[in-house]
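Asker: One structure coming up, written as structure tokens, with questions to follow.
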Amino acid sequence: PAVFDLDRVEVLRGPQGTLFGAGSEGGTIRYITPQPSLTDYSVYARSELSFTQYGAPSYEAGAAVGGPIVDGKLGFRISGWGRRDGGYVDHYDYNTGLTTNSNINSTDTYVLRAALTWSPVEALTITPSIYYQNRNDHDQNDYWVAISDADKGRFLSGTPDKMADKDRFTLPALRADYNFGPVELISNTSFFDRHEAVNGYSGTLYNLSYFQSLLDPTQQDSNVPSYVGPVDPNYDPCPKCRGDLYPLLTPTGINLPGLPNYQAPSTITNKQRNFTQEVRLQSTDANAALTWIVGVFYSNNKQESTEEINDPELAAITQYLFGETLQQAWGEELLPNGDDYINDTIGHDRQLAGFVNATYAITDQLKIQGGVRVAKTHFDFKNYADGPQNFGFSSGTGKKDESPVTPMVGVTYQATADDLVYATYSEGYRIGGANPPFPVAACRPDLQQLGITSVPASFDSDNVDNYEVGTKDRLFDQRLSVALSGYYLKWNNIQQANYLPGCGFQYTANLGKAVSKGFDFQANWYLTDAFEVDMSLGYTDAYYSADSRSGSKSNAPIIVQKGDALPGSPWTLAVGAQYTAPVWGRDSFVRVDYEFASRDPAPAGVLYTNPNTTTYDPALGANPATNLFSVRAGTTLNNFNMSLFVDNLFNTHPQLNLNHQDSATLLFEAQTFRPRTAGLTVTYRY
């Protein structure tokens, strides 16, 4: 969510399954928005203008206003905000060598929110609200490595498809709060209505990488005869084909002289309709020996996902590369709308849960906490797929029912008013699901290699067990606040995608387990009344704790090997320093921020970096260590705050997230930080 009118953000680290359920396997982030006031008016506004080196300008404007309509009885708050993030990647025509469009990766975002609070009696408040967001990413941030020059700020993409992401949602909600005195009853009702149409990947590059895998570079005859196609399990790939065109994807573009403007864009359309209802009863006296929460939760979610590759030139490229008709090569004609692949899945996810959480003060200093959530979860789907690249029509249904239990226990000891230590154990989970069918005949060689005849119809939930200890302290007359925690987390029954390279399909299975351990240190230090330093340091050692094979045979290919690292920088550091002083009688400040992330041991997952695993790709290296500086200086003028800023001060451009279609593809894409961006922010509060 692009929340403009924001009261605060709460970050709850570690599994939060007891209070928040299946959506909190690893933690919870809560965006808390301001509630309408029944007594006071307030206004907040913000605008910003910035310029990105080598790119287009960015700008935003928004305002929020609220206050009583009927004093003490009825209040409102309404806000609106819009932002344009300017692009910095240009589109390149690999046929002509010319730049055809500048700054293609811009983003437009619009947000509206309105809320009312009604208090018909002193103990009861009722707050209906509605939140609307519309985001349009015009193109992706990826650039082609071979044709770009990051040192000169030249980021070029020759991908023929427009890689857009249009995502909008509406979130109406109703909160009712009744205070009985010693206890409080809270009801939250919401409905999430979302529609997203995203070009999640380039269908053109995907198709060409697949067609390239069918070519035999040793066969270089443009007058190719018919050959036995993939629909026949005994086929011999490309005994005589246009191997003279191999590779179809070169480092600098597409090698397809007979079809220079070939395009096959892909689209993934997501539709979500999610209803959620929660009722909580909780104690209100925070100083009581026993504080508690008990509640029930229900959700009913429906999602439809439709993946399509539209390829009106499939007949032409099939004839051009293989000398085959669509029927000869694929066993099916194009779908009426020109799709060569469509996969549509409608899924339903229902959850019913009850939970309780309580804290008991054994003494004024020592408290124990415990809680548990018991849920009934149901998932079902119906699916169909069709088109030449699906090798014909397929359909199926599936379901999965489970009864997860997620407990938590904890203890805290307030040694002094400034020193607290704690220890917790908590569990989190993600519900299981089912696998849609795919053409078994086309994937039979892959399945035989795995020692299986079909993919599992369903997969179970995965879960985490988390152990954490920590301390929170205030030192030097409370000028220094520190928080230190260490954790050990076990991830079990991991839901993992298993890719079948021969036919290009994948399914999900419970494969492997992992361990994550580390620590987190945070500090905030007022060295003087005017000079403040804050710091956050984290270390994570995450790795698979067992081998995982993709089939039942003892010699089935290894997906992950014991000891393989999970993605993520082991070391992260953020340091900020701010000096505040009056300038010409105005409160003013200057601030410097620095962020560091160490080299990533497995940027795309260990599947690509371990030579013993199934999809080892030696061309994909790890993300490098990164350093990012930003500065900001500002002053206040009555109710206005004005600040100048520079992000990415030293204009660093590390090559991040290097990727290509498959290990045989020479065309590489990557991302980097937004180039140096300088601007002005103005805020107003009343």
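Please note that chains go A, B, ... in the order of the structure tokens, that every chain numbers its residues from 1, and that ligands are numbered from 1 in the order shown.
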Run DSSP on the backbone and tell me which residues of segment 180-367 of chain A come out as strand (DSSP E or B); list them as an MDAnalysis selection string.

Answerer: chainID A and resid 183:198 220 242 249:250 253:254 266:283 290:310 339:361 366:367

Asker: Name all residues at most 8 Å from segment 73-88 of chain A (count only C-alpha atoms; drop same-chain ones fewer than 2 positions away) and give them as a compact mmCIF listing (two decimals) with C-alpha atoms, in the first residue's frame.

Answerer:
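This went into part.txt:
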# COMPACT_ATOMS: atom_id res chain seq x y z
CA PHE A 4 -0.08 8.88 2.30
CA ASP A 5 -1.95 9.84 5.48
CA GLN A 35 -8.63 8.07 12.89
CA PRO A 36 -11.19 10.88 12.61
CA SER A 37 -11.17 13.17 15.62
CA LEU A 38 -14.42 14.09 17.37
CA THR A 39 -12.91 17.19 19.00
CA THR A 52 16.86 12.10 -11.37
CA TYR A 54 19.83 10.69 -16.66
CA GLY A 55 16.08 10.39 -16.09
CA ALA A 56 12.75 12.17 -15.84
CA PRO A 57 11.52 14.33 -12.95
CA SER A 58 9.29 13.00 -10.17
CA TYR A 59 6.56 14.91 -8.38
CA GLU A 60 3.75 14.42 -5.90
CA ALA A 61 1.00 16.31 -4.08
CA GLY A 62 -1.44 15.27 -1.39
CA ALA A 63 -3.58 16.59 1.42
CA ALA A 64 -5.54 15.23 4.37
CA VAL A 65 -8.09 17.07 6.49
CA GLY A 66 -10.28 15.98 9.38
CA GLY A 67 -12.23 17.06 12.41
CA PRO A 68 -15.62 17.07 14.10
CA ILE A 69 -18.87 17.41 12.21
CA VAL A 70 -20.88 17.20 15.41
CA ASP A 71 -18.61 17.92 18.35
CA ASP A 90 15.23 3.98 -22.26
CA SER A 102 12.95 7.57 -23.10
CA ASN A 103 12.35 7.00 -19.39
CA ILE A 104 9.94 4.10 -19.95
CA ASN A 105 9.93 2.81 -16.35
CA SER A 106 7.83 5.60 -14.84
CA THR A 107 5.09 4.92 -12.28
CA ASP A 108 1.85 6.76 -11.52
CA THR A 109 0.13 6.19 -8.16
CA TYR A 110 -3.13 7.65 -6.86
CA VAL A 111 -4.65 7.14 -3.40
CA LEU A 112 -7.96 8.22 -1.86
CA ARG A 113 -9.18 7.52 1.67
CA ALA A 114 -12.25 8.61 3.61
CA ALA A 115 -13.41 7.70 7.12
CA LEU A 116 -16.18 8.67 9.54
CA THR A 117 -16.30 8.08 13.28
CA TRP A 118 -19.69 8.08 14.99
CA SER A 119 -20.11 7.89 18.76
CA PRO A 120 -23.86 7.63 19.49
CA PHE A 155 20.30 2.11 -19.15
CA ARG A 674 17.76 4.79 -9.01
CA PRO A 675 20.46 7.26 -10.16

Asker: Near segment 454-462 of chain A, counting only C-alpha atoms, which residues have an atom at most 6 Å away, once you skip same-chain residues fewer than 6 positions from it, shown as a PDB file with N, CA and C atoms, in the first residue's frame?

Answerer:
ATOM      1  N   TYR A 429       2.687 -20.180  10.161  1.00  0.00           N
ATOM      2  CA  TYR A 429       2.427 -21.157   9.103  1.00  0.00           C
ATOM      3  C   TYR A 429       1.865 -20.476   7.865  1.00  0.00           C
ATOM      4  N   ARG A 430       1.926 -21.191   6.760  1.00  0.00           N
ATOM      5  CA  ARG A 430       1.305 -20.797   5.498  1.00  0.00           C
ATOM      6  C   ARG A 430       0.468 -21.980   5.036  1.00  0.00           C
ATOM      7  N   ILE A 431      -0.793 -21.732   4.681  1.00  0.00           N
ATOM      8  CA  ILE A 431      -1.689 -22.847   4.391  1.00  0.00           C
ATOM      9  C   ILE A 431      -1.229 -23.584   3.133  1.00  0.00           C
ATOM     10  N   GLY A 432      -1.619 -24.847   3.055  1.00  0.00           N
ATOM     11  CA  GLY A 432      -1.293 -25.679   1.900  1.00  0.00           C
ATOM     12  C   GLY A 432      -2.173 -25.355   0.710  1.00  0.00           C
ATOM     13  N   GLY A 433      -2.002 -26.128  -0.344  1.00  0.00           N
ATOM     14  CA  GLY A 433      -2.755 -25.879  -1.570  1.00  0.00           C
ATOM     15  C   GLY A 433      -2.751 -27.099  -2.457  1.00  0.00           C
ATOM     16  N   ALA A 434      -3.102 -26.892  -3.702  1.00  0.00           N
ATOM     17  CA  ALA A 434      -3.211 -27.987  -4.659  1.00  0.00           C
ATOM     18  C   ALA A 434      -2.568 -27.569  -5.973  1.00  0.00           C
ATOM     19  N   ASN A 435      -2.119 -28.550  -6.749  1.00  0.00           N
ATOM     20  CA  ASN A 435      -1.449 -28.292  -8.022  1.00  0.00           C
ATOM     21  C   ASN A 435      -2.414 -28.449  -9.184  1.00  0.00           C
ATOM     22  N   ASN A 492      10.154 -25.530   8.239  1.00  0.00           N
ATOM     23  CA  ASN A 492       9.897 -26.942   7.975  1.00  0.00           C
ATOM     24  C   ASN A 492       8.904 -27.131   6.834  1.00  0.00           C
ATOM     25  N   ASN A 493       9.085 -28.269   6.124  1.00  0.00           N
ATOM     26  CA  ASN A 493       8.102 -28.673   5.115  1.00  0.00           C
ATOM     27  C   ASN A 493       7.939 -27.605   4.045  1.00  0.00           C
ATOM     28  N   ILE A 494       9.021 -27.054   3.563  1.00  0.00           N
ATOM     29  CA  ILE A 494       9.003 -25.870   2.714  1.00  0.00           C
ATOM     30  C   ILE A 494       8.214 -26.129   1.428  1.00  0.00           C
ATOM     31  N   ALA A 509       5.666 -28.646  -4.241  1.00  0.00           N
ATOM     32  CA  ALA A 509       5.713 -29.794  -3.341  1.00  0.00           C
ATOM     33  C   ALA A 509       6.394 -29.366  -2.049  1.00  0.00           C
TER      34      ALA A 509
END

Asker: From the set A:Gln506, A:Thr406, A:Gln389, A:Ser588, which residue has the shortest atom-to-atom contact distance to Leu447 of chain A, counting only C-alpha atoms?

Answerer: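 Ranked by minimum distance to Leu447 of chain A, first place goes to A:Gln506.
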
Asker: Tell me which of A:Gly323, A:Gly21, A:Gly504, A:Pro404 sits closest to Gly295 of chain A, counting only C-alpha atoms.

Answerer: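 Of A:Gly323, A:Gly21, A:Gly504, A:Pro404, the one nearest Gly295 of chain A, counting only C-alpha atoms, is A:Gly21.
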
Asker: Excluding Tyr360 of chain A and residues on its chain fewer than 2 positions from it, collect all residues at most 12 Å away from it, counting only C-alpha atoms, and give them as an mmCIF file with all heavy atoms, in the first residue's frame.

Answerer:
data_model
loop_
_atom_site.group_PDB
_atom_site.id
_atom_site.type_symbol
_atom_site.label_atom_id
_atom_site.label_comp_id
_atom_site.auth_asym_id
_atom_site.auth_seq_id
_atom_site.Cartn_x
_atom_site.Cartn_y
_atom_site.Cartn_z
ATOM 1 N N ALA A 286 -4.180 -1.836 31.496
ATOM 2 C CA ALA A 286 -2.823 -2.265 31.167
ATOM 3 C C ALA A 286 -1.983 -2.534 32.405
ATOM 4 O O ALA A 286 -0.952 -3.218 32.325
ATOM 5 C CB ALA A 286 -2.141 -1.212 30.300
ATOM 6 N N ASN A 287 -2.398 -2.029 33.576
ATOM 7 C CA ASN A 287 -1.629 -2.224 34.802
ATOM 8 C C ASN A 287 -2.121 -3.400 35.639
ATOM 9 O O ASN A 287 -1.584 -3.666 36.723
ATOM 10 C CB ASN A 287 -1.671 -0.946 35.648
ATOM 11 C CG ASN A 287 -1.035 0.232 34.939
ATOM 12 O OD1 ASN A 287 0.032 0.099 34.348
ATOM 13 N ND2 ASN A 287 -1.698 1.385 34.986
ATOM 14 N N ALA A 288 -3.136 -4.118 35.157
ATOM 15 C CA ALA A 288 -3.658 -5.262 35.905
ATOM 16 C C ALA A 288 -2.653 -6.410 35.881
ATOM 17 O O ALA A 288 -1.811 -6.512 34.978
ATOM 18 C CB ALA A 288 -4.986 -5.713 35.317
ATOM 19 N N ALA A 289 -2.758 -7.286 36.878
ATOM 20 C CA ALA A 289 -1.858 -8.445 36.914
ATOM 21 C C ALA A 289 -2.076 -9.346 35.708
ATOM 22 O O ALA A 289 -1.135 -9.931 35.175
ATOM 23 C CB ALA A 289 -2.067 -9.223 38.207
ATOM 24 N N LEU A 290 -3.326 -9.445 35.252
ATOM 25 C CA LEU A 290 -3.646 -10.292 34.104
ATOM 26 C C LEU A 290 -4.268 -9.429 33.016
ATOM 27 O O LEU A 290 -5.292 -8.771 33.233
ATOM 28 C CB LEU A 290 -4.625 -11.399 34.511
ATOM 29 C CG LEU A 290 -5.114 -12.311 33.378
ATOM 30 C CD1 LEU A 290 -3.949 -13.126 32.816
ATOM 31 C CD2 LEU A 290 -6.237 -13.225 33.850
ATOM 32 N N THR A 291 -3.639 -9.411 31.839
ATOM 33 C CA THR A 291 -4.216 -8.776 30.656
ATOM 34 C C THR A 291 -4.403 -9.852 29.599
ATOM 35 O O THR A 291 -3.589 -10.775 29.495
ATOM 36 C CB THR A 291 -3.319 -7.653 30.116
ATOM 37 O OG1 THR A 291 -2.025 -8.189 29.794
ATOM 38 C CG2 THR A 291 -3.156 -6.550 31.153
ATOM 39 N N TRP A 292 -5.454 -9.722 28.785
ATOM 40 C CA TRP A 292 -5.772 -10.823 27.889
ATOM 41 C C TRP A 292 -6.527 -10.331 26.652
ATOM 42 O O TRP A 292 -7.108 -9.244 26.627
ATOM 43 C CB TRP A 292 -6.616 -11.880 28.609
ATOM 44 C CG TRP A 292 -7.803 -11.292 29.336
ATOM 45 C CD1 TRP A 292 -7.850 -10.853 30.620
ATOM 46 C CD2 TRP A 292 -9.102 -11.040 28.779
ATOM 47 N NE1 TRP A 292 -9.083 -10.349 30.925
ATOM 48 C CE2 TRP A 292 -9.885 -10.466 29.814
ATOM 49 C CE3 TRP A 292 -9.684 -11.259 27.536
ATOM 50 C CZ2 TRP A 292 -11.213 -10.085 29.614
ATOM 51 C CZ3 TRP A 292 -11.008 -10.888 27.333
ATOM 52 C CH2 TRP A 292 -11.760 -10.323 28.360
ATOM 53 N N ASN A 357 -4.741 -14.894 23.916
ATOM 54 C CA ASN A 357 -3.403 -14.484 24.305
ATOM 55 C C ASN A 357 -3.510 -13.764 25.645
ATOM 56 O O ASN A 357 -4.394 -12.923 25.829
ATOM 57 C CB ASN A 357 -2.787 -13.563 23.247
ATOM 58 C CG ASN A 357 -1.325 -13.289 23.493
ATOM 59 O OD1 ASN A 357 -0.981 -12.398 24.254
ATOM 60 N ND2 ASN A 357 -0.460 -14.043 22.847
ATOM 61 N N ALA A 358 -2.639 -14.102 26.593
ATOM 62 C CA ALA A 358 -2.723 -13.518 27.933
ATOM 63 C C ALA A 358 -1.335 -13.261 28.488
ATOM 64 O O ALA A 358 -0.375 -13.988 28.188
ATOM 65 C CB ALA A 358 -3.491 -14.442 28.875
ATOM 66 N N ILE A 362 3.727 -12.018 37.396
ATOM 67 C CA ILE A 362 4.039 -12.772 38.613
ATOM 68 C C ILE A 362 4.485 -11.820 39.707
ATOM 69 O O ILE A 362 4.084 -11.943 40.878
ATOM 70 C CB ILE A 362 5.119 -13.826 38.314
ATOM 71 C CG1 ILE A 362 4.606 -14.811 37.254
ATOM 72 C CG2 ILE A 362 5.531 -14.556 39.578
ATOM 73 C CD1 ILE A 362 5.651 -15.799 36.808
ATOM 74 N N THR A 363 5.321 -10.871 39.335
ATOM 75 C CA THR A 363 5.706 -9.759 40.213
ATOM 76 C C THR A 363 5.628 -8.490 39.378
ATOM 77 O O THR A 363 5.306 -8.531 38.185
ATOM 78 C CB THR A 363 7.136 -9.943 40.764
ATOM 79 O OG1 THR A 363 8.072 -9.789 39.669
ATOM 80 C CG2 THR A 363 7.318 -11.318 41.385
ATOM 81 N N ASP A 364 5.944 -7.359 39.980
ATOM 82 C CA ASP A 364 5.949 -6.117 39.219
ATOM 83 C C ASP A 364 7.002 -6.142 38.112
ATOM 84 O O ASP A 364 6.896 -5.391 37.135
ATOM 85 C CB ASP A 364 6.222 -4.924 40.144
ATOM 86 C CG ASP A 364 5.059 -4.654 41.080
ATOM 87 O OD1 ASP A 364 3.938 -5.128 40.779
ATOM 88 O OD2 ASP A 364 5.271 -3.986 42.114
ATOM 89 N N GLN A 365 8.008 -7.002 38.279
ATOM 90 C CA GLN A 365 9.100 -7.043 37.305
ATOM 91 C C GLN A 365 9.001 -8.216 36.331
ATOM 92 O O GLN A 365 9.431 -8.109 35.185
ATOM 93 C CB GLN A 365 10.450 -7.124 38.036
ATOM 94 C CG GLN A 365 10.775 -5.883 38.868
ATOM 95 C CD GLN A 365 12.011 -6.088 39.694
ATOM 96 O OE1 GLN A 365 12.033 -6.908 40.611
ATOM 97 N NE2 GLN A 365 13.067 -5.343 39.369
ATOM 98 N N LEU A 366 8.433 -9.336 36.764
ATOM 99 C CA LEU A 366 8.444 -10.563 35.973
ATOM 100 C C LEU A 366 7.053 -10.862 35.419
ATOM 101 O O LEU A 366 6.084 -10.957 36.174
ATOM 102 C CB LEU A 366 8.928 -11.733 36.832
ATOM 103 C CG LEU A 366 9.007 -13.099 36.144
ATOM 104 C CD1 LEU A 366 10.026 -13.079 35.014
ATOM 105 C CD2 LEU A 366 9.347 -14.191 37.163
ATOM 106 N N LYS A 367 6.981 -11.018 34.088
ATOM 107 C CA LYS A 367 5.715 -11.332 33.429
ATOM 108 C C LYS A 367 5.902 -12.529 32.503
ATOM 109 O O LYS A 367 6.953 -12.680 31.868
ATOM 110 C CB LYS A 367 5.208 -10.135 32.614
ATOM 111 C CG LYS A 367 4.862 -8.916 33.443
ATOM 112 C CD LYS A 367 4.357 -7.784 32.563
ATOM 113 C CE LYS A 367 4.001 -6.565 33.403
ATOM 114 N NZ LYS A 367 3.486 -5.441 32.566
ATOM 115 N N ILE A 368 4.858 -13.339 32.428
ATOM 116 C CA ILE A 368 4.845 -14.448 31.476
ATOM 117 C C ILE A 368 3.683 -14.247 30.520
ATOM 118 O O ILE A 368 2.650 -13.666 30.877
ATOM 119 C CB ILE A 368 4.734 -15.816 32.187
ATOM 120 C CG1 ILE A 368 3.470 -15.873 33.053
ATOM 121 C CG2 ILE A 368 5.979 -16.107 32.997
ATOM 122 C CD1 ILE A 368 3.211 -17.256 33.630
ATOM 123 N N GLN A 369 3.865 -14.710 29.304
ATOM 124 C CA GLN A 369 2.850 -14.535 28.267
ATOM 125 C C GLN A 369 2.642 -15.858 27.546
ATOM 126 O O GLN A 369 3.597 -16.629 27.338
ATOM 127 C CB GLN A 369 3.280 -13.453 27.268
ATOM 128 C CG GLN A 369 2.270 -13.173 26.162
ATOM 129 C CD GLN A 369 2.781 -12.133 25.173
ATOM 130 O OE1 GLN A 369 3.975 -11.859 25.113
ATOM 131 N NE2 GLN A 369 1.883 -11.572 24.380
ATOM 132 N N GLY A 370 1.419 -16.124 27.166
ATOM 133 C CA GLY A 370 1.130 -17.330 26.410
ATOM 134 C C GLY A 370 -0.080 -17.119 25.530
ATOM 135 O O GLY A 370 -0.945 -16.279 25.808
ATOM 136 N N GLY A 371 -0.134 -17.870 24.428
ATOM 137 C CA GLY A 371 -1.266 -17.750 23.521
ATOM 138 C C GLY A 371 -1.308 -18.911 22.565
ATOM 139 O O GLY A 371 -0.316 -19.637 22.377
ATOM 140 N N VAL A 409 4.775 -18.586 23.533
ATOM 141 C CA VAL A 409 5.022 -18.364 24.953
ATOM 142 C C VAL A 409 6.147 -17.348 25.074
ATOM 143 O O VAL A 409 7.005 -17.242 24.186
ATOM 144 C CB VAL A 409 5.403 -19.662 25.705
ATOM 145 C CG1 VAL A 409 4.233 -20.623 25.743
ATOM 146 C CG2 VAL A 409 6.620 -20.325 25.062
ATOM 147 N N GLY A 410 6.144 -16.610 26.154
ATOM 148 C CA GLY A 410 7.194 -15.627 26.352
ATOM 149 C C GLY A 410 7.325 -15.234 27.807
ATOM 150 O O GLY A 410 6.410 -15.435 28.615
ATOM 151 N N VAL A 411 8.463 -14.671 28.137
ATOM 152 C CA VAL A 411 8.711 -14.179 29.483
ATOM 153 C C VAL A 411 9.490 -12.873 29.369
ATOM 154 O O VAL A 411 10.384 -12.734 28.517
ATOM 155 C CB VAL A 411 9.483 -15.217 30.329
ATOM 156 C CG1 VAL A 411 10.810 -15.584 29.676
ATOM 157 C CG2 VAL A 411 9.700 -14.711 31.746
ATOM 158 N N THR A 412 9.132 -11.876 30.192
ATOM 159 C CA THR A 412 9.855 -10.611 30.236
ATOM 160 C C THR A 412 10.220 -10.294 31.677
ATOM 161 O O THR A 412 9.448 -10.585 32.608
ATOM 162 C CB THR A 412 9.019 -9.455 29.658
ATOM 163 O OG1 THR A 412 7.824 -9.304 30.436
ATOM 164 C CG2 THR A 412 8.657 -9.709 28.213
ATOM 165 N N TYR A 413 11.383 -9.694 31.835
ATOM 166 C CA TYR A 413 11.849 -9.306 33.170
ATOM 167 C C TYR A 413 12.334 -7.868 33.103
ATOM 168 O O TYR A 413 13.295 -7.544 32.389
ATOM 169 C CB TYR A 413 12.975 -10.217 33.641
ATOM 170 C CG TYR A 413 13.488 -9.864 35.022
ATOM 171 C CD1 TYR A 413 12.688 -10.030 36.152
ATOM 172 C CD2 TYR A 413 14.773 -9.348 35.188
ATOM 173 C CE1 TYR A 413 13.149 -9.690 37.418
ATOM 174 C CE2 TYR A 413 15.243 -9.007 36.451
ATOM 175 C CZ TYR A 413 14.422 -9.181 37.560
ATOM 176 O OH TYR A 413 14.883 -8.842 38.810
#
